[in-house]
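Source file: model_38.txt; contents: compact mmCIF, C-alpha atoms.
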```
# COMPACT_ATOMS: atom_id res chain seq x y z
CA MET A 266 0.00 0.00 0.00
CA LEU A 267 2.86 2.38 0.75
CA PHE A 268 4.03 2.49 -2.86
CA GLY A 269 0.68 2.12 -4.64
CA HIS A 270 0.09 5.88 -4.88
CA ASP A 271 0.79 7.83 -8.08
CA LYS A 272 3.80 9.83 -6.94
CA THR A 273 3.12 12.63 -9.43
CA ARG A 274 -0.34 13.30 -7.96
CA PRO A 275 -0.51 15.43 -4.80
CA VAL A 276 -2.16 13.71 -1.85
CA ASP A 277 -4.76 15.54 0.24
CA ALA A 278 -4.77 15.65 4.02
CA ALA A 279 -7.59 13.13 4.33
CA ASN A 280 -5.64 10.48 2.44
CA ALA A 281 -2.13 11.23 3.75
CA LEU A 282 -0.24 8.78 5.93
CA PRO A 283 -0.83 9.31 9.68
CA GLY A 284 2.81 9.68 10.69
CA ARG A 285 3.74 9.74 14.36
CA ALA A 286 4.13 12.03 17.35
CA THR A 287 7.80 11.20 17.95
CA PRO A 288 10.29 13.46 16.12
CA MET A 289 13.24 12.02 14.25
CA PRO A 290 16.42 11.92 16.38
CA VAL A 291 18.73 14.78 15.41
CA PRO A 292 22.54 14.44 15.47
CA ALA A 293 24.32 16.74 17.90
CA ALA A 294 26.55 18.37 15.31
CA HIS A 295 26.89 19.12 11.61
CA ALA A 296 29.14 16.66 9.73
CA VAL A 297 31.07 19.50 8.05
CA PHE A 298 30.78 22.30 10.64
CA THR A 299 31.50 19.92 13.48
CA ASP A 300 31.34 22.61 16.17
CA ARG A 301 27.84 23.71 15.14
CA PRO A 302 24.39 22.18 15.73
CA ILE A 303 21.82 21.48 13.02
CA ALA A 304 18.85 22.09 15.33
CA PRO A 305 17.95 25.12 17.46
CA PRO A 306 18.87 27.03 19.46
CA PHE A 307 21.12 28.96 17.09
CA PRO A 308 23.20 32.07 17.91
CA ASP A 309 21.46 35.42 18.00
CA GLY A 310 21.41 37.44 14.80
CA LEU A 311 21.08 34.48 12.44
CA GLU A 312 18.13 33.85 10.13
CA THR A 313 16.62 30.67 8.71
CA ALA A 314 15.34 29.81 5.25
CA VAL A 315 13.98 26.64 3.65
CA PHE A 316 14.59 25.59 0.04
CA GLY A 317 13.39 22.61 -2.00
CA MET A 318 15.33 21.86 -5.20
CA GLY A 319 14.67 18.17 -5.82
CA CYS A 320 16.86 15.59 -4.08
CA PHE A 321 18.04 17.26 -0.89
CA TRP A 322 21.55 15.74 -0.83
CA GLY A 323 23.11 17.97 -3.49
CA ALA A 324 21.04 20.99 -2.53
CA GLU A 325 22.33 20.87 1.04
CA ARG A 326 25.93 20.71 -0.17
CA LEU A 327 25.41 23.83 -2.30
CA PHE A 328 24.31 25.81 0.72
CA TRP A 329 26.92 24.63 3.22
CA GLN A 330 29.52 25.66 0.63
CA THR A 331 28.04 29.19 0.49
CA ASN A 332 29.90 31.84 2.47
CA GLY A 333 27.83 33.19 5.34
CA VAL A 334 25.87 29.99 5.95
CA TYR A 335 26.22 28.91 9.58
CA THR A 336 24.65 25.45 9.37
CA THR A 337 22.33 23.31 7.26
CA ALA A 338 20.02 20.32 7.65
CA VAL A 339 17.81 18.26 5.37
CA GLY A 340 14.22 17.38 6.05
CA TYR A 341 10.64 17.43 4.89
CA ALA A 342 8.11 20.28 4.62
CA GLY A 343 4.94 21.34 2.86
CA GLY A 344 2.92 18.18 3.51
CA HIS A 345 0.46 16.67 5.94
CA THR A 346 2.17 13.75 7.71
CA PRO A 347 3.84 14.56 11.06
CA ASN A 348 7.40 13.29 11.53
CA PRO A 349 7.49 11.24 8.31
CA THR A 350 10.17 8.72 7.36
CA TYR A 351 12.11 8.92 4.11
CA GLU A 352 10.26 5.86 2.78
CA GLU A 353 6.92 7.49 3.54
CA VAL A 354 7.91 10.70 1.78
CA CYS A 355 9.14 8.68 -1.22
CA SER A 356 5.73 7.01 -1.46
CA GLY A 357 4.11 10.34 -2.34
CA GLN A 358 1.55 9.82 0.42
CA THR A 359 2.75 12.49 2.86
CA GLY A 360 2.58 15.58 0.64
CA HIS A 361 6.04 16.69 1.75
CA ALA A 362 8.89 17.97 -0.38
CA GLU A 363 12.54 17.20 0.30
CA VAL A 364 13.97 20.48 1.59
CA VAL A 365 17.06 22.08 3.09
CA LEU A 366 17.03 24.22 6.21
CA VAL A 367 19.64 26.96 5.88
CA VAL A 368 20.75 29.02 8.88
CA PHE A 369 22.70 32.07 7.72
CA ASP A 370 24.26 35.32 8.88
CA PRO A 371 22.48 38.16 7.04
CA ALA A 372 25.45 40.43 7.69
CA VAL A 373 27.54 38.17 5.44
CA VAL A 374 25.11 36.69 2.92
CA THR A 375 21.66 38.07 2.10
CA TYR A 376 18.54 36.03 1.51
CA GLU A 377 18.56 37.48 -2.00
CA ALA A 378 22.00 35.94 -2.58
CA LEU A 379 20.76 32.56 -1.34
CA LEU A 380 17.83 32.82 -3.76
CA LYS A 381 20.31 33.32 -6.59
CA VAL A 382 21.86 29.96 -5.67
CA PHE A 383 18.39 28.42 -5.52
CA TRP A 384 17.21 29.66 -8.92
CA GLU A 385 20.41 28.96 -10.83
CA GLU A 386 21.30 25.53 -9.48
CA HIS A 387 18.11 23.64 -10.38
CA ASP A 388 15.32 23.86 -12.97
CA PRO A 389 12.30 25.53 -11.33
CA THR A 390 10.03 24.87 -14.34
CA GLN A 391 9.66 21.09 -14.09
CA GLY A 392 6.66 20.65 -11.80
CA TYR A 393 6.69 17.41 -9.85
CA ARG A 394 10.15 16.32 -10.87
CA GLN A 395 13.76 17.39 -11.05
CA GLY A 396 15.62 15.72 -13.89
CA ASN A 397 15.31 11.96 -13.55
CA ASP A 398 13.84 12.26 -10.04
CA VAL A 399 10.06 12.08 -10.44
CA GLY A 400 7.41 12.69 -7.79
CA THR A 401 5.82 15.42 -5.70
CA GLN A 402 8.65 15.18 -3.16
CA TYR A 403 11.04 16.59 -5.80
CA ARG A 404 9.04 19.73 -6.53
CA SER A 405 10.69 23.15 -6.42
CA THR A 406 9.68 24.92 -3.23
CA LEU A 407 10.36 28.09 -1.25
CA TYR A 408 8.97 28.16 2.28
CA TYR A 409 9.45 31.61 3.80
CA THR A 410 9.88 32.41 7.47
CA SER A 411 9.04 36.14 7.35
CA GLU A 412 7.10 38.65 5.29
CA ALA A 413 10.42 40.16 4.21
CA GLN A 414 11.46 36.81 2.74
CA LYS A 415 8.11 36.53 0.96
CA LYS A 416 8.59 39.93 -0.70
CA THR A 417 12.15 39.06 -1.74
CA ILE A 418 10.91 35.79 -3.26
CA GLU A 419 8.21 37.58 -5.25
CA ASP A 420 10.70 40.10 -6.62
CA SER A 421 13.34 37.54 -7.54
CA ARG A 422 10.83 35.14 -9.07
CA GLY A 423 9.59 37.88 -11.35
CA SER A 424 13.11 38.77 -12.43
CA TYR A 425 14.09 35.17 -13.03
CA GLN A 426 10.91 34.38 -14.94
CA ALA A 427 11.67 37.25 -17.29
CA ALA A 428 15.18 35.86 -17.85
CA LEU A 429 13.83 32.35 -18.43
CA THR A 430 11.23 33.62 -20.89
CA ARG A 431 13.84 35.53 -22.88
CA THR A 432 15.87 32.33 -23.27
CA GLY A 433 12.95 30.12 -24.31
CA HIS A 434 12.25 28.36 -21.03
CA GLY A 435 8.83 27.71 -19.56
CA GLU A 436 6.91 29.00 -16.56
CA ILE A 437 8.27 28.69 -13.02
CA THR A 438 6.35 26.06 -11.04
CA THR A 439 8.02 26.73 -7.69
CA GLU A 440 5.66 26.42 -4.73
CA VAL A 441 5.84 29.51 -2.49
CA ALA A 442 4.23 29.28 0.96
CA PRO A 443 4.85 30.13 4.61
CA LEU A 444 6.81 27.47 6.48
CA ALA A 445 4.37 25.51 8.61
CA GLU A 446 6.69 22.81 9.95
CA PHE A 447 10.16 21.49 9.18
CA TYR A 448 10.67 17.82 10.01
CA TYR A 449 14.28 16.64 10.23
CA ALA A 450 15.26 13.73 8.00
CA GLU A 451 17.09 10.66 9.27
CA ASP A 452 20.69 11.01 10.45
CA TYR A 453 22.13 9.21 7.42
CA HIS A 454 20.66 11.86 5.10
CA GLN A 455 22.21 14.77 6.99
CA GLN A 456 25.21 16.16 5.07
CA TYR A 457 25.04 13.00 2.94
CA LEU A 458 27.59 14.25 0.38
CA SER A 459 30.15 15.38 2.96
CA ASP A 460 33.68 13.96 2.96
CA ALA A 461 32.84 12.08 6.15
CA LYS A 462 29.92 10.24 4.51
CA ASN A 463 29.48 9.94 0.73
CA PRO A 464 31.59 12.57 -1.09
CA ASN A 465 31.04 10.82 -4.44
CA GLY A 466 27.36 10.06 -3.87
CA TYR A 467 24.45 10.81 -6.18
CA CYS A 468 23.63 14.42 -7.02
CA GLY A 469 20.99 15.02 -9.68
CA LEU A 470 21.02 18.83 -9.63
CA ALA A 471 21.16 20.59 -12.98
CA GLY A 472 20.29 24.21 -13.61
CA THR A 473 18.90 25.85 -16.74
CA GLY A 474 22.11 27.74 -17.47
CA VAL A 475 20.22 31.03 -17.11
CA SER A 476 21.74 33.58 -14.74
CA CYS A 477 19.46 35.09 -12.12
CA PRO A 478 19.56 38.87 -12.66
CA ILE A 479 19.23 40.03 -9.07
CA GLY A 480 21.51 42.37 -7.21
CA LEU A 481 23.74 40.86 -4.59
CA ASN A 482 24.71 42.57 -1.34
CA VAL A 483 27.36 40.24 -0.01
CA GLN A 484 30.40 41.23 1.97
CA SER A 485 33.68 40.13 0.47
```

Entire entry expressed as structure tokens:
Amino acid sequence: MLFGHDKTRPVDAANALPGRATPMPVPAAHAVFTDRPIAPPFPDGLETAVFGMGCFWGAERLFWQTNGVYTTAVGYAGGHTPNPTYEEVCSGQTGHAEVVLVVFDPAVVTYEALLKVFWEEHDPTQGYRQGNDVGTQYRSTLYYTSEAQKKTIEDSRGSYQAALTRTGHGEITTEVAPLAEFYYAEDYHQQYLSDAKNPNGYCGLAGTGVSCPIGLNVQS
């Protein structure tokens, strides 16, 4: 029954898997930033953002390699099932997308700069897939944590759509919504492509080749 659902068809709340009340255990430290946690509390002055770009392994690596990012974690958001497992999310019966939680220092890297990474490093026009990865869990998503983030998303999406249209690409299908809940993925998924785990593991990310024409305000 778990894998009988059409994974390209969104599931509604009434038909989603029930999940569980117990959260996934979270490792004490980041596998790359070994002196930093991946779960709150975080130092004062930092901000959080959540991005979905298809398979979360490669997406997380992009962000931990970005200057100004304090820590990252992978997990699930945008669905109905509380505290889902990876297998449940893969079934398409939770409604969740694979996402990356990014904790960053806005004095070093702006949210706008992180959005540039997001837009350019995957194809936001593919609907419920990303390359060869097919299913609602691989949809392009932006879950904002403030009204300021929402406004920045709207502005950058408009700019990037114009650039995509000029180069013959289709309409952006990225889901934009307030972050309701971020559920941490299993320990083995956290920083999966790090040197300590699977540095040569699978990464299916591929952008459109179109530059995102937004201004960057990043300290050198």

task = State, in Å with one decimal place, the distance from atom CA of A:Thr406 to atom CA of A:Glu436.
result =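 Computed distance, atom CA of A:Thr406 to atom CA of A:Glu436, equals 14.2 Å.
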
Nearest to A:Thr401 by atom-to-atom distance, counting all atoms listed in the file, from A:Asp300, A:Glu325, A:Asp271, A:Glu352 =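 Closest residue, counting all atoms listed in the file: A:Asp271.
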
request  = One decimal, Å: what's the distance from atom CA of A:Pro283 over to atom CA of A:Gly357, could you say?
outcome  = 13.0 Å

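You can rank A:Gly323, A:Pro347, A:Gly435, A:Pro306 by their closest distance to A:Thr390 using all atoms listed in the file, and at the top of that list sits A:Gly435.
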
request  = Counting all atoms listed in the file, figure out which residue out of A:Trp329, A:Thr346, A:Tyr376, A:Val382 gets nearest to A:Lys416.
outcome  =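 Closest to A:Lys416 of all the choices is A:Tyr376.
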
key: Atom-to-atom span, atom CA of A:Arg285 and atom CA of A:Gly340, Å   = 15.4 Å

remark   = Of A:Ala461, A:Leu429, A:Ala362, A:Cys468, the one nearest to A:Gly344 when counting only C-alpha atoms is A:Ala362

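In terms of minimum interatomic distance to A:Thr430, A:Val475 ranks closest within A:Trp322, A:Gly310, A:Ala450, A:Val475, counting all atoms listed in the file.
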
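With only C-alpha atoms as the basis for measurement, A:Pro389 is the residue among A:Pro478, A:Gly400, A:Pro389, A:Gly469 that approaches A:Ile437 most closely.
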
request  = Extract, using only C-alpha atoms, all DNA, RNA and protein residues at most 8 Å from A:His387, discarding same-chain residues fewer than 2 positions from it, and format them as a list in words.
outcome  =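 Here the answer would be Met318, Gly319, Phe383, Trp384, Glu385, Pro389, Gln395, Leu470, Ala471, Gly472 and Thr473 of chain A.
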
Go through stretch 292-401 of chain A residue by residue and, counting all atoms listed in the file, keep those with an atom at most 12 Å from stretch 454-460 of chain A; for each kept residue give the shortest atom pair and its distance in Å to one decimal, ordered by chain and increasing number, as a tab-separated table.
```
residue	atom	partner	partner_atom	distance
A:Pro292	CA	A:Gln455	CA	8.5
A:Ala293	CA	A:Gln455	CA	11.3
A:Ala294	CA	A:Gln455	CA	10.1
A:His295	CA	A:Gln456	CA	7.4
A:Ala296	CA	A:Gln456	CA	6.1
A:Val297	CA	A:Ser459	CA	6.6
A:Phe298	CA	A:Gln456	CA	10.0
A:Thr299	CA	A:Gln456	CA	11.2
A:Pro302	CA	A:Gln455	CA	11.7
A:Ile303	CA	A:Gln455	CA	9.0
A:Ala304	CA	A:Gln455	CA	11.6
A:Cys320	CA	A:His454	CA	10.6
A:Phe321	CA	A:His454	CA	8.5
A:Trp322	CA	A:Tyr457	CA	5.8
A:Gly323	CA	A:Leu458	CA	7.0
A:Ala324	CA	A:Leu458	CA	9.8
A:Glu325	CA	A:Gln456	CA	6.8
A:Arg326	CA	A:Leu458	CA	6.7
A:Leu327	CA	A:Leu458	CA	10.2
A:Phe328	CA	A:Gln456	CA	10.6
A:Trp329	CA	A:Gln456	CA	8.8
A:Gln330	CA	A:Ser459	CA	10.6
A:Thr336	CA	A:Gln456	CA	10.3
A:Thr337	CA	A:Gln456	CA	8.0
A:Ala338	CA	A:Gln455	CA	6.0
A:Val339	CA	A:Gln455	CA	5.8
A:Gly340	CA	A:Gln455	CA	8.5
A:Tyr341	CA	A:His454	CA	11.5
A:Thr350	CA	A:His454	CA	11.2
A:Tyr351	CA	A:His454	CA	9.1
A:Glu363	CA	A:His454	CA	10.8
A:Val364	CA	A:Gln455	CA	11.4
A:Val365	CA	A:Gln455	CA	9.8
A:Leu366	CA	A:Gln455	CA	10.8
```

message = Which residues are near A:Gln358? Cut-off 8 Å, all atoms listed in the file, ignore same chain within fewer than 3 positions. Put them as a list in words.
response =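 My reading of the contact set: Leu267, His270, Lys272, Pro275, Val276, Asn280, Ala281, Leu282, Glu353, Val354 and Cys355 of chain A.
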
task = Find the spatial neighbours of A:Thr439, counting only C-alpha atoms, within a cut-off of 9 Å - ignore same-chain residues fewer than 4 positions away - and output them as a PyMOL selection string.
result = chain A and resi 317+389-392+404-407+422

Output file for the selection above: C-alpha atoms, as a compact mmCIF listing (two decimals), in the coordinates of the input:
```txt
# COMPACT_ATOMS: atom_id res chain seq x y z
CA GLY A 317 13.39 22.61 -2.00
CA PRO A 389 12.30 25.53 -11.33
CA THR A 390 10.03 24.87 -14.34
CA GLN A 391 9.66 21.09 -14.09
CA GLY A 392 6.66 20.65 -11.80
CA ARG A 404 9.04 19.73 -6.53
CA SER A 405 10.69 23.15 -6.42
CA THR A 406 9.68 24.92 -3.23
CA LEU A 407 10.36 28.09 -1.25
CA ARG A 422 10.83 35.14 -9.07
```
